[in-house]
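> My structure file my_file30.txt, compact mmCIF, C-alpha atoms and all ligand atoms, is below:
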```txt
# COMPACT_ATOMS: atom_id res chain seq x y z
CA MET A 1 -4.89 29.53 14.59
CA VAL A 2 -6.45 26.26 15.66
CA ALA A 3 -3.93 23.46 16.22
CA PHE A 4 -5.07 20.16 14.68
CA LYS A 5 -3.59 16.84 15.75
CA GLU A 6 -1.34 15.44 13.01
CA LEU A 7 -3.17 12.81 10.97
CA VAL A 8 -2.06 11.32 7.66
CA PHE A 9 -4.53 10.20 4.98
CA SER A 10 -4.06 8.97 1.44
CA GLY A 11 -5.79 6.79 -1.11
CA VAL A 12 -5.18 4.65 -4.17
CA GLN A 13 -7.74 3.64 -6.79
CA PRO A 14 -8.36 -0.07 -7.39
CA THR A 15 -8.38 0.30 -11.16
CA GLY A 16 -5.82 -2.39 -11.99
CA ASN A 17 -2.14 -2.33 -12.93
CA LEU A 18 -0.53 -0.71 -9.91
CA HIS A 19 2.79 0.54 -11.26
CA LEU A 20 6.14 1.91 -10.22
CA GLY A 21 4.75 5.48 -10.23
CA ASN A 22 2.08 4.51 -7.70
CA TYR A 23 4.71 2.76 -5.62
CA LEU A 24 7.45 5.40 -5.62
CA GLY A 25 5.19 8.48 -5.71
CA ALA A 26 2.72 7.20 -3.11
CA ILE A 27 2.78 3.73 -1.47
CA LYS A 28 6.49 3.71 -0.53
CA ARG A 29 6.00 7.12 1.06
CA PHE A 30 2.92 5.87 2.95
CA VAL A 31 5.19 3.28 4.54
CA GLU A 32 7.73 5.95 5.52
CA MET A 33 5.02 8.14 7.06
CA GLN A 34 4.38 5.44 9.66
CA ALA A 35 7.51 6.61 11.49
CA ARG A 36 5.75 9.89 12.31
CA PRO A 37 3.90 10.21 15.58
CA ALA A 38 0.57 10.37 13.77
CA GLN A 39 -2.35 8.11 12.99
CA CYS A 40 -2.09 7.07 9.32
CA LEU A 41 -5.12 6.03 7.26
CA TYR A 42 -4.64 4.37 3.87
CA CYS A 43 -7.74 3.91 1.80
CA VAL A 44 -8.56 1.84 -1.27
CA VAL A 45 -10.84 4.32 -3.00
CA ASP A 46 -13.41 2.08 -4.67
CA LEU A 47 -16.04 4.83 -4.92
CA HIS A 48 -13.56 6.79 -7.02
CA ALA A 49 -12.81 3.75 -9.18
CA ILE A 50 -16.40 3.51 -10.47
CA THR A 51 -16.29 7.04 -11.91
CA LEU A 52 -15.07 5.05 -14.93
CA TRP A 53 -16.90 1.76 -15.61
CA GLN A 54 -15.39 -1.26 -13.82
CA ASP A 55 -16.26 -4.88 -14.29
CA PRO A 56 -17.78 -5.87 -10.88
CA GLU A 57 -15.92 -9.15 -10.46
CA ALA A 58 -12.63 -7.60 -11.56
CA LEU A 59 -13.19 -4.65 -9.21
CA ARG A 60 -13.47 -6.94 -6.17
CA GLY A 61 -10.15 -8.53 -7.13
CA GLN A 62 -8.52 -5.14 -7.68
CA ILE A 63 -9.63 -3.88 -4.25
CA ARG A 64 -7.96 -6.90 -2.66
CA GLU A 65 -4.88 -6.47 -4.84
CA VAL A 66 -4.32 -2.84 -3.81
CA THR A 67 -4.79 -3.87 -0.18
CA ALA A 68 -2.22 -6.64 -0.71
CA ALA A 69 0.18 -4.10 -2.24
CA PHE A 70 -0.19 -1.83 0.81
CA LEU A 71 0.60 -4.69 3.17
CA ALA A 72 3.36 -6.18 1.01
CA ALA A 73 5.08 -2.79 0.75
CA GLY A 74 5.22 -2.54 4.55
CA ILE A 75 2.08 -0.81 5.77
CA ASP A 76 1.27 -2.29 9.16
CA PRO A 77 -2.52 -2.70 9.47
CA ARG A 78 -2.30 -2.81 13.27
CA THR A 79 -0.88 0.68 13.62
CA SER A 80 -2.14 2.21 10.37
CA ILE A 81 -5.79 1.99 9.35
CA VAL A 82 -6.20 0.15 6.03
CA PHE A 83 -9.70 0.06 4.56
CA ASN A 84 -11.83 0.48 1.47
CA GLN A 85 -13.82 3.64 1.05
CA SER A 86 -17.27 2.13 0.35
CA GLN A 87 -17.33 0.47 3.78
CA VAL A 88 -17.32 3.85 5.52
CA PRO A 89 -20.52 5.71 4.59
CA GLN A 90 -19.28 9.08 5.91
CA HIS A 91 -17.15 9.63 2.75
CA ALA A 92 -20.16 9.80 0.44
CA GLU A 93 -22.22 11.68 2.99
CA LEU A 94 -19.65 14.42 3.49
CA ALA A 95 -19.10 14.60 -0.28
CA TRP A 96 -22.75 15.63 -0.68
CA ILE A 97 -22.37 18.43 1.85
CA PHE A 98 -19.16 19.55 0.11
CA ASN A 99 -21.01 19.50 -3.23
CA CYS A 100 -22.96 22.38 -1.78
CA VAL A 101 -19.79 24.21 -0.67
CA ALA A 102 -17.60 23.72 -3.78
CA ARG A 103 -18.29 26.03 -6.75
CA LEU A 104 -18.87 24.95 -10.33
CA GLY A 105 -16.11 27.27 -11.46
CA TRP A 106 -13.61 25.47 -9.23
CA LEU A 107 -14.45 22.08 -10.73
CA ASN A 108 -14.41 23.47 -14.26
CA ARG A 109 -10.73 24.22 -13.77
CA MET A 110 -9.73 20.63 -12.87
CA THR A 111 -7.29 19.42 -15.51
CA GLN A 112 -7.62 15.71 -14.62
CA PHE A 113 -11.30 15.77 -15.50
CA LYS A 114 -10.46 17.32 -18.86
CA ASP A 115 -7.78 14.67 -19.47
CA LYS A 116 -9.92 11.73 -18.40
CA ALA A 117 -13.14 12.86 -20.06
CA GLY A 118 -11.30 13.60 -23.29
CA LYS A 119 -13.26 14.91 -26.25
CA ASP A 120 -16.51 13.16 -25.34
CA ARG A 121 -17.16 15.25 -22.25
CA GLU A 122 -20.97 15.07 -22.53
CA ASN A 123 -20.73 11.33 -22.07
CA ALA A 124 -18.52 11.38 -18.95
CA SER A 125 -20.16 10.31 -15.67
CA VAL A 126 -21.24 13.00 -13.22
CA GLY A 127 -19.09 11.12 -10.71
CA LEU A 128 -15.96 11.73 -12.80
CA TYR A 129 -16.68 15.46 -12.71
CA ASP A 130 -17.33 15.34 -8.96
CA TYR A 131 -14.25 13.15 -8.27
CA PRO A 132 -12.23 15.89 -6.51
CA VAL A 133 -15.09 16.75 -4.14
CA LEU A 134 -15.24 13.15 -2.95
CA MET A 135 -11.48 13.31 -2.51
CA ALA A 136 -11.87 16.37 -0.26
CA ALA A 137 -14.46 14.41 1.75
CA ASP A 138 -12.06 11.45 2.11
CA ILE A 139 -9.44 13.70 3.60
CA LEU A 140 -11.62 15.95 5.72
CA ALA A 141 -13.87 13.24 7.18
CA TYR A 142 -10.77 12.54 9.30
CA ARG A 143 -9.68 16.19 9.46
CA ALA A 144 -6.36 14.96 8.04
CA THR A 145 -3.48 17.40 8.26
CA HIS A 146 -1.04 15.68 5.85
CA VAL A 147 -1.63 13.91 2.54
CA PRO A 148 1.25 12.16 0.74
CA VAL A 149 0.57 11.94 -3.02
CA GLY A 150 2.28 12.12 -6.40
CA GLU A 151 2.54 15.44 -8.20
CA ASP A 152 -0.50 14.79 -10.41
CA GLN A 153 -2.76 15.23 -7.36
CA LYS A 154 -1.57 18.77 -6.53
CA GLN A 155 -4.57 20.53 -8.05
CA HIS A 156 -7.02 18.20 -6.27
CA LEU A 157 -5.37 18.98 -2.95
CA GLU A 158 -5.61 22.69 -3.61
CA LEU A 159 -9.35 22.19 -4.12
CA THR A 160 -9.52 20.32 -0.79
CA ARG A 161 -7.91 23.33 0.89
CA ASP A 162 -10.38 25.70 -0.80
CA ILE A 163 -13.34 23.60 0.34
CA ALA A 164 -12.05 23.45 3.93
CA GLN A 165 -11.51 27.20 3.99
CA LYS A 166 -14.89 28.01 2.46
CA PHE A 167 -16.68 25.71 4.92
CA ASN A 168 -14.83 27.33 7.83
CA THR A 169 -15.81 30.79 6.58
CA ASP A 170 -19.40 30.06 5.49
CA PHE A 171 -20.23 28.40 8.81
CA GLY A 172 -17.84 30.43 10.99
CA SER A 173 -20.36 31.55 13.61
CA SER A 174 -22.01 28.13 13.82
CA ILE A 175 -18.58 26.48 14.19
CA ALA A 176 -17.82 28.79 17.11
CA ALA A 177 -21.30 28.34 18.62
CA HIS A 178 -20.79 24.58 18.66
CA GLY A 179 -17.54 24.95 20.54
CA HIS A 180 -15.08 24.24 17.71
CA GLY A 181 -13.26 27.57 17.85
CA GLU A 182 -12.61 29.44 14.63
CA ALA A 183 -12.01 26.57 12.21
CA PHE A 184 -13.57 23.13 12.02
CA PHE A 185 -11.49 21.74 9.15
CA PRO A 186 -7.69 21.96 8.90
CA VAL A 187 -6.13 23.38 5.74
CA THR A 188 -4.46 20.15 4.71
CA GLU A 189 -0.79 20.06 3.77
CA PRO A 190 0.02 18.11 0.59
CA LEU A 191 3.23 16.08 0.87
CA ILE A 192 4.57 15.91 -2.68
CA GLY A 193 8.23 15.35 -3.18
CA GLY A 194 11.26 13.17 -3.48
CA PRO A 195 12.92 12.11 -6.72
CA ALA A 196 9.84 10.19 -7.94
CA ALA A 197 6.96 12.63 -7.41
CA ARG A 198 6.28 12.26 -11.12
CA VAL A 199 7.49 9.01 -12.68
CA MET A 200 7.31 9.17 -16.46
CA SER A 201 6.51 6.54 -19.10
CA LEU A 202 9.43 4.29 -20.05
CA ARG A 203 8.50 4.77 -23.71
CA ASP A 204 8.06 8.55 -23.70
CA GLY A 205 9.68 10.82 -21.13
CA SER A 206 7.10 13.55 -21.70
CA LYS A 207 4.16 11.38 -20.56
CA LYS A 208 3.33 10.30 -17.02
CA MET A 209 3.65 6.58 -16.22
CA SER A 210 0.01 5.56 -16.09
CA LYS A 211 -2.33 2.61 -15.62
CA SER A 212 -4.24 3.56 -18.71
CA ASP A 213 -1.34 3.73 -21.20
CA ALA A 214 -2.05 1.26 -24.01
CA SER A 215 1.56 0.04 -24.00
CA ASP A 216 2.42 -2.27 -21.11
CA ASN A 217 6.09 -1.55 -21.86
CA SER A 218 5.51 2.04 -20.74
CA ARG A 219 5.29 0.98 -17.09
CA ILE A 220 6.62 -1.49 -14.55
CA ASN A 221 3.67 -3.12 -12.81
CA LEU A 222 3.96 -4.28 -9.22
CA THR A 223 2.85 -7.69 -10.48
CA ASP A 224 5.70 -7.96 -13.05
CA ASP A 225 8.25 -10.69 -12.38
CA ALA A 226 12.03 -10.23 -12.53
CA ASP A 227 12.31 -11.17 -16.22
CA LEU A 228 9.62 -8.73 -17.27
CA ILE A 229 11.14 -5.93 -15.18
CA ALA A 230 14.53 -6.56 -16.82
CA GLN A 231 12.99 -6.61 -20.28
CA LYS A 232 11.10 -3.35 -19.76
CA VAL A 233 14.09 -1.49 -18.30
CA ARG A 234 16.37 -2.67 -21.12
CA LYS A 235 13.79 -1.54 -23.69
CA ALA A 236 13.24 1.84 -22.01
CA LYS A 237 13.75 4.77 -24.35
CA THR A 238 17.01 6.69 -23.86
CA ASP A 239 19.20 9.05 -25.83
CA PRO A 240 22.65 8.27 -27.29
CA ASP A 241 24.72 10.33 -24.80
CA ALA A 242 26.44 9.12 -21.64
CA LEU A 243 24.97 10.13 -18.28
CA PRO A 244 26.00 13.61 -17.10
CA SER A 245 27.83 14.14 -13.80
CA GLU A 246 25.45 16.86 -12.58
CA THR A 247 21.67 17.27 -12.58
CA GLU A 248 22.05 20.38 -14.78
CA GLY A 249 23.02 17.98 -17.57
CA LEU A 250 19.63 16.20 -17.33
CA LYS A 251 17.81 19.29 -18.64
CA GLY A 252 16.19 18.57 -21.99
CA ARG A 253 16.81 14.81 -21.53
CA PRO A 254 13.47 13.63 -20.06
CA GLU A 255 14.11 9.90 -20.45
CA ALA A 256 17.53 10.11 -18.77
CA ASP A 257 16.07 12.30 -16.04
CA ASN A 258 13.29 9.77 -15.43
CA LEU A 259 15.59 6.74 -15.14
CA VAL A 260 17.93 8.61 -12.80
CA GLY A 261 14.93 9.70 -10.70
CA ILE A 262 13.66 6.11 -10.49
CA PHE A 263 17.12 4.89 -9.49
CA ALA A 264 17.36 7.58 -6.80
CA ALA A 265 13.92 6.79 -5.36
CA LEU A 266 14.49 3.03 -5.31
CA SER A 267 17.85 3.45 -3.58
CA GLU A 268 16.53 6.19 -1.25
CA THR A 269 19.01 8.80 -2.36
CA THR A 270 19.05 11.84 -4.65
CA ARG A 271 19.62 12.40 -8.37
CA GLU A 272 22.86 14.19 -7.42
CA ALA A 273 24.16 11.12 -5.58
CA VAL A 274 23.21 8.79 -8.45
CA LEU A 275 25.03 11.00 -10.96
CA ALA A 276 28.06 11.25 -8.68
CA GLU A 277 28.34 7.47 -9.08
CA TYR A 278 27.19 6.96 -12.67
CA GLY A 279 28.14 10.25 -14.39
CA GLY A 280 29.96 9.37 -17.62
CA ALA A 281 28.47 5.85 -17.78
CA GLN A 282 26.70 4.60 -20.90
CA PHE A 283 23.03 3.69 -20.62
CA SER A 284 23.76 0.01 -21.19
CA ALA A 285 25.75 -0.10 -17.93
CA PHE A 286 23.34 2.12 -16.03
CA LYS A 287 20.34 0.08 -17.13
CA GLY A 288 22.05 -3.09 -15.91
CA ALA A 289 22.47 -1.55 -12.45
CA LEU A 290 18.86 -0.31 -12.54
CA VAL A 291 17.55 -3.79 -13.38
CA ASP A 292 19.42 -5.28 -10.41
CA LEU A 293 18.16 -2.56 -8.08
CA ALA A 294 14.54 -2.72 -9.30
CA VAL A 295 14.44 -6.50 -9.01
CA GLU A 296 16.03 -6.41 -5.55
CA LYS A 297 13.43 -3.92 -4.29
CA LEU A 298 10.32 -5.08 -6.16
CA ALA A 299 10.63 -8.90 -6.18
CA PRO A 300 9.91 -9.29 -2.45
CA ILE A 301 6.83 -7.05 -2.77
CA ASN A 302 5.67 -9.04 -5.77
CA ALA A 303 6.10 -12.34 -3.92
CA GLU A 304 4.30 -11.10 -0.82
CA MET A 305 1.41 -9.72 -2.90
CA LYS A 306 1.00 -13.16 -4.46
CA ARG A 307 0.99 -14.81 -1.05
CA LEU A 308 -1.57 -12.35 0.33
CA THR A 309 -3.96 -12.40 -2.63
CA ALA A 310 -4.13 -16.19 -2.34
CA ASP A 311 -5.97 -15.63 0.96
CA PRO A 312 -8.82 -13.18 0.24
CA GLY A 313 -10.43 -14.01 3.61
CA HIS A 314 -7.45 -12.49 5.43
CA ILE A 315 -7.52 -9.37 3.24
CA ASP A 316 -11.25 -8.92 3.77
CA ALA A 317 -10.73 -9.20 7.54
CA VAL A 318 -8.04 -6.50 7.42
CA LEU A 319 -10.41 -4.24 5.46
CA ALA A 320 -13.34 -4.86 7.82
CA ASP A 321 -11.21 -4.10 10.88
CA GLY A 322 -9.83 -0.96 9.21
CA ALA A 323 -13.30 0.21 8.19
CA ALA A 324 -14.60 -0.08 11.77
CA ARG A 325 -11.65 1.92 13.10
CA ALA A 326 -11.98 4.52 10.30
CA GLU A 327 -15.69 4.92 10.96
CA ALA A 328 -15.01 5.49 14.66
CA ILE A 329 -13.08 8.64 13.63
CA ALA A 330 -15.31 9.77 10.76
CA ALA A 331 -18.71 9.35 12.45
CA PRO A 332 -18.17 12.01 15.16
CA THR A 333 -16.83 14.38 12.46
CA LEU A 334 -20.04 13.95 10.49
CA ASP A 335 -22.19 14.42 13.60
CA ALA A 336 -20.39 17.70 14.26
CA VAL A 337 -20.73 18.77 10.60
CA LYS A 338 -24.49 18.09 10.72
CA ASP A 339 -24.83 20.22 13.85
CA ILE A 340 -22.76 23.00 12.27
CA VAL A 341 -24.79 22.98 9.04
CA GLY A 342 -28.08 23.05 10.96
CA PHE A 343 -29.51 19.57 10.43
CA VAL A 344 -31.67 17.87 13.05
CA ARG A 345 -30.14 14.52 13.86
CA ARG A 346 -30.97 11.54 16.00
CA GLY A 347 -29.64 12.09 19.49
CA PRO A 348 -28.55 9.28 21.79
CA ARG A 349 -32.13 8.92 23.18
CA LEU A 350 -33.76 8.30 19.81
CA ALA A 351 -30.89 6.12 18.64
CA ALA A 352 -31.53 3.78 21.57
CA VAL A 353 -35.18 3.20 20.59
P1 LIG A 401 -4.43 6.93 -8.20
O1 LIG A 401 -4.85 5.56 -7.87
O2 LIG A 401 -4.60 7.41 -9.60
O3 LIG A 401 -2.92 7.13 -7.78
C1 LIG A 401 -2.45 6.71 -6.53
C2 LIG A 401 -1.22 7.51 -6.13
O4 LIG A 401 -0.17 7.28 -7.06
C3 LIG A 401 0.36 8.53 -7.50
N1 LIG A 401 0.85 8.40 -8.86
C4 LIG A 401 2.08 8.73 -9.27
N2 LIG A 401 3.14 9.21 -8.59
C5 LIG A 401 4.28 9.42 -9.31
N3 LIG A 401 4.39 9.18 -10.63
C6 LIG A 401 3.35 8.68 -11.35
N4 LIG A 401 3.48 8.43 -12.65
C7 LIG A 401 2.13 8.44 -10.66
N5 LIG A 401 0.92 7.96 -11.04
C8 LIG A 401 0.15 7.94 -9.94
C9 LIG A 401 -0.81 9.50 -7.39
O5 LIG A 401 -0.36 10.83 -7.31
C10 LIG A 401 -1.47 9.03 -6.11
O6 LIG A 401 -0.83 9.58 -4.99
N6 LIG A 401 -7.09 10.70 -6.69
C11 LIG A 401 -6.12 9.81 -6.06
C12 LIG A 401 -6.79 8.82 -5.11
C13 LIG A 401 -7.44 9.48 -3.93
C14 LIG A 401 -6.78 10.19 -2.88
C15 LIG A 401 -7.82 10.60 -2.00
C16 LIG A 401 -5.45 10.52 -2.64
C17 LIG A 401 -8.76 9.49 -3.66
N7 LIG A 401 -8.99 10.16 -2.47
C18 LIG A 401 -7.52 11.34 -0.84
C19 LIG A 401 -5.17 11.26 -1.47
C20 LIG A 401 -6.21 11.66 -0.60
C21 LIG A 401 -5.33 9.10 -7.17
O7 LIG A 401 -4.73 9.71 -7.97
O8 LIG A 401 -5.30 7.79 -7.21
```
How does this structure look as structure tokens?

Amino acid sequence: MVAFKELVFSGVQPTGNLHLGNYLGAIKRFVEMQARPAQCLYCVVDLHAITLWQDPEALRGQIREVTAAFLAAGIDPRTSIVFNQSQVPQHAELAWIFNCVARLGWLNRMTQFKDKAGKDRENASVGLYDYPVLMAADILAYRATHVPVGEDQKQHLELTRDIAQKFNTDFGSSIAAHGHGEAFFPVTEPLIGGPAARVMSLRDGSKKMSKSDASDNSRINLTDDADLIAQKVRKAKTDPDALPSETEGLKGRPEADNLVGIFAALSETTREAVLAEYGGAQFSAFKGALVDLAVEKLAPINAEMKRLTADPGHIDAVLADGAARAEAIAAPTLDAVKDIVGFVRRGPRLAAV
């Protein structure tokens, strides 16, 4: 077994409407990962965003808004590397090489493509189909060992592991000949967990909270103010029963389960602990407590996002600095990959000409 240095990577798409699911399932956990003795890289994945059409001017704003959300939530751009994907060319370059490692059959099994392409599959972009291969390249350009994500990304991370393993096997002797031992890429560990790995819609407990849901009442956006948060929580669908005292009692009650999960994640505890306090309470009382908690936790992030987005020059400087530091890690990986695959590349002598 080759030991890889711990490195954390994750990404968020700048497709508008960052919501509570993105925050609790991903961004809040990115912040927590900074306590680990590992380099963390957090990427605004703009190349992924254009797999569905984006208005160019809006896209630029959305890239800055996701960056602002990262910083407002507590990601420190001096210790972590915060950048946007399109500024680091190695992502797209490695994706091409992985296109030649990944198998059609693997991509045909991706459920997110089926969901996003819908019935009109013939009209979906090739990029949408190839989305998970680019994701593998994001992760493996840094040889990341840990990737915190929400549960909906599980299948994509399994594909990343398959690509890493197939590359290591297909090029095994070349990897060894170039002095990298028996494996060049780590088999990345997905970090999926906590009470909010899958935050559901506030209007329908069987559907994931999502940016693309037509109803804005289905989600709490990170840009919502206190009044709007209160309104959406109060309107959230529930059932007529009181809250149970044990998690067993949440079975078959998806809306109750979701609100308890959100409460637990926001207060950094477990569903069990929430039910120990609120078991037997009516939803009206529980929702009141949830509004207070959500506003307490989200209002400062909202205010800081506003402050940061008012200064796009600062955000762009953070992204440029992050991109340079990201590229310093990814470029040597790509050089090594090119040697392993058998390409002829410019050496230091030619590069100096
Ligand atoms: P995106 O932008 O769709 O989602 C960003 C993160 O938010 C999580 N998430 C949720 N978590 C809990 N409940 C929800 N309802 C919910 N909705 C979204 C997602 O799981 C994700 O962690 N494909 C990635 C972006 C990406 C990436 C990567 C991630 C591109 N390259 C490399 C990790 C590593 C995505 O889903 O983005």
> Measure the distance from atom CA of Arg60 of chain A to atom CA of Leu41 of chain A in Å and round it to one decimal.
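That distance, rounded to one decimal, is 20.5 Å.
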> Might you pull out every residue within 8 Å of Pro132 of chain A, with all atoms listed in the file counted and same-chain residues fewer than 4 positions away left off, and present them as a ChimeraX atom specification?
/A:107,136,156,159-160
> Listing only residues of chain A within 7 Å of ligand LIG 401 (chain A), what is the closest atom pair and its distance in Å (to one decimal) for each, using all atoms listed in the file, sorted by chain and residue number ascending, as CSV?

```
residue,atom,partner,partner_atom,distance
A:Phe9,CA,A:LIG401,C20,6.0
A:Ser10,CA,A:LIG401,C19,3.9
A:Gly11,CA,A:LIG401,C14,4.0
A:Val12,CA,A:LIG401,O1,3.8
A:Gln13,CA,A:LIG401,O1,3.6
A:Pro14,CA,A:LIG401,O1,6.7
A:Gly21,CA,A:LIG401,C6,3.7
A:Asn22,CA,A:LIG401,O4,3.6
A:Tyr23,CA,A:LIG401,O4,6.8
A:Leu24,CA,A:LIG401,C5,6.3
A:Gly25,CA,A:LIG401,N2,3.6
A:Ala26,CA,A:LIG401,O6,4.7
A:Val45,CA,A:LIG401,C17,5.6
A:His48,CA,A:LIG401,C17,6.5
A:Leu134,CA,A:LIG401,N7,6.9
A:Met135,CA,A:LIG401,N7,4.0
A:Ala136,CA,A:LIG401,C18,6.7
A:Asp138,CA,A:LIG401,C18,5.4
A:Ile139,CA,A:LIG401,C18,5.4
A:Val147,CA,A:LIG401,C19,6.0
A:Pro148,CA,A:LIG401,O6,6.6
A:Val149,CA,A:LIG401,O6,3.4
A:Gly150,CA,A:LIG401,O5,3.1
A:Glu151,CA,A:LIG401,O5,5.5
A:Asp152,CA,A:LIG401,O5,5.0
A:Gln153,CA,A:LIG401,O5,5.0
A:Ala196,CA,A:LIG401,C5,5.8
A:Ala197,CA,A:LIG401,C5,4.6
A:Arg198,CA,A:LIG401,N3,3.6
A:Val199,CA,A:LIG401,N3,3.7
A:Met200,CA,A:LIG401,N4,5.5
A:Lys208,CA,A:LIG401,N4,4.8
A:Met209,CA,A:LIG401,N4,4.0
A:Ser210,CA,A:LIG401,N5,5.7
```
> Find the residue from A:Leu59, A:Ala73, A:Val187, A:Val101 that sits nearest to Leu47 of chain A; use all atoms listed in the file when measuring.
A:Leu59
> Rounded to one decimal in Å, what is the spacing between atom CA of Arg345 of chain A and atom CA of Phe167 of chain A?
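It comes out at 19.7 Å.
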> I want to know what sits within 10 Å of Ser125 of chain A, based on all atoms listed in the file, with residues of the same chain fewer than 6 positions away left out; could you give that as a list in words?
Ile50, Thr51, Leu52, Trp53, Ala117 and Tyr131 of chain A
> With all atoms listed in the file as the atoms that count, which of A:Ala317, A:Leu298, A:Ala324, A:Leu202 lies nearest to Lys235 of chain A?
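Checking each of A:Ala317, A:Leu298, A:Ala324, A:Leu202 against Lys235 of chain A, counting all atoms listed in the file, the winner is A:Leu202.
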> Calculated over all atoms listed in the file, which of the candidates A:Phe4, A:Val233, A:Asp225, A:Ile340 has the smallest distance to Ala176 of chain A?
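Between A:Phe4, A:Val233, A:Asp225, A:Ile340, the residue approaching Ala176 of chain A most closely is A:Ile340.
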> At a cut-off of 12 Å from (3.6, 15.6, 11.1) in the coordinates of the file, what residues are picked up using all atoms listed in the file, written as a PDB file with C-alpha atoms, in the coordinates of the input?

```pdb
ATOM      1  CA  PHE A   4      -5.070  20.160  14.680  1.00  0.00           C
ATOM      2  CA  LYS A   5      -3.590  16.840  15.750  1.00  0.00           C
ATOM      3  CA  GLU A   6      -1.340  15.440  13.010  1.00  0.00           C
ATOM      4  CA  LEU A   7      -3.170  12.810  10.970  1.00  0.00           C
ATOM      5  CA  VAL A   8      -2.060  11.320   7.660  1.00  0.00           C
ATOM      6  CA  PHE A   9      -4.530  10.200   4.980  1.00  0.00           C
ATOM      7  CA  GLU A  32       7.730   5.950   5.520  1.00  0.00           C
ATOM      8  CA  MET A  33       5.020   8.140   7.060  1.00  0.00           C
ATOM      9  CA  GLN A  34       4.380   5.440   9.660  1.00  0.00           C
ATOM     10  CA  ALA A  35       7.510   6.610  11.490  1.00  0.00           C
ATOM     11  CA  ARG A  36       5.750   9.890  12.310  1.00  0.00           C
ATOM     12  CA  PRO A  37       3.900  10.210  15.580  1.00  0.00           C
ATOM     13  CA  ALA A  38       0.570  10.370  13.770  1.00  0.00           C
ATOM     14  CA  GLN A  39      -2.350   8.110  12.990  1.00  0.00           C
ATOM     15  CA  CYS A  40      -2.090   7.070   9.320  1.00  0.00           C
ATOM     16  CA  ALA A 144      -6.360  14.960   8.040  1.00  0.00           C
ATOM     17  CA  THR A 145      -3.480  17.400   8.260  1.00  0.00           C
ATOM     18  CA  HIS A 146      -1.040  15.680   5.850  1.00  0.00           C
ATOM     19  CA  VAL A 147      -1.630  13.910   2.540  1.00  0.00           C
ATOM     20  CA  PRO A 148       1.250  12.160   0.740  1.00  0.00           C
ATOM     21  CA  THR A 188      -4.460  20.150   4.710  1.00  0.00           C
ATOM     22  CA  GLU A 189      -0.790  20.060   3.770  1.00  0.00           C
ATOM     23  CA  PRO A 190       0.020  18.110   0.590  1.00  0.00           C
ATOM     24  CA  LEU A 191       3.230  16.080   0.870  1.00  0.00           C
TER      25      LEU A 191
END
```
> With distances taken over all atoms listed in the file, which residue among A:Val88, A:Leu222, A:Leu128, A:Leu71 lies nearest Met110 of chain A?
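Answer, going by the shortest atom-to-atom distance: A:Leu128.
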> Which residue out of A:Val31, A:Ala226, A:Leu243, A:Ala164 has the minimum interatomic distance to Asp292 of chain A when all atoms listed in the file are used?
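So, comparing all the options, the nearest one is A:Ala226.
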> Using only C-alpha atoms, which residue out of A:Asp339, A:Leu20, A:Cys100, A:Glu65 lies closest to Ile229 of chain A?
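With only C-alpha atoms as the atom set, the closest residue is A:Leu20.
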> Please, what distance in Å, to one decimal, runs between atom CA of Ser245 of chain A and atom CA of Gly280 of chain A?
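Computed distance, atom CA of Ser245 of chain A to atom CA of Gly280 of chain A, equals 6.5 Å.
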> If you keep N, CA and C atoms, can you output segment 324-333 of chain A as a short mmCIF file (atom, residue, chain, number, x, y, z; two decimals), in the first residue's frame?

```cif
data_model
loop_
_atom_site.label_atom_id
_atom_site.label_comp_id
_atom_site.auth_asym_id
_atom_site.auth_seq_id
_atom_site.Cartn_x
_atom_site.Cartn_y
_atom_site.Cartn_z
N ALA A 324 -3.33 30.24 -8.27
CA ALA A 324 -1.87 30.08 -8.41
C ALA A 324 -1.38 28.98 -7.48
N ARG A 325 -1.91 28.96 -6.25
CA ARG A 325 -1.46 27.93 -5.30
C ARG A 325 -1.98 26.54 -5.70
N ALA A 326 -3.20 26.49 -6.26
CA ALA A 326 -3.74 25.20 -6.72
C ALA A 326 -2.90 24.68 -7.88
N GLU A 327 -2.58 25.59 -8.81
CA GLU A 327 -1.83 25.15 -9.99
C GLU A 327 -0.44 24.64 -9.60
N ALA A 328 0.13 25.21 -8.55
CA ALA A 328 1.45 24.75 -8.11
C ALA A 328 1.40 23.29 -7.65
N ILE A 329 0.23 22.83 -7.22
CA ILE A 329 0.10 21.40 -6.83
C ILE A 329 -0.28 20.56 -8.06
N ALA A 330 -1.20 21.09 -8.88
CA ALA A 330 -1.73 20.28 -9.98
C ALA A 330 -0.73 20.12 -11.14
N ALA A 331 0.09 21.15 -11.39
CA ALA A 331 0.98 21.08 -12.55
C ALA A 331 1.98 19.92 -12.46
N PRO A 332 2.65 19.71 -11.33
CA PRO A 332 3.56 18.56 -11.26
C PRO A 332 2.82 17.23 -11.38
N THR A 333 1.55 17.17 -10.91
CA THR A 333 0.78 15.93 -11.07
C THR A 333 0.59 15.64 -12.56
#
```
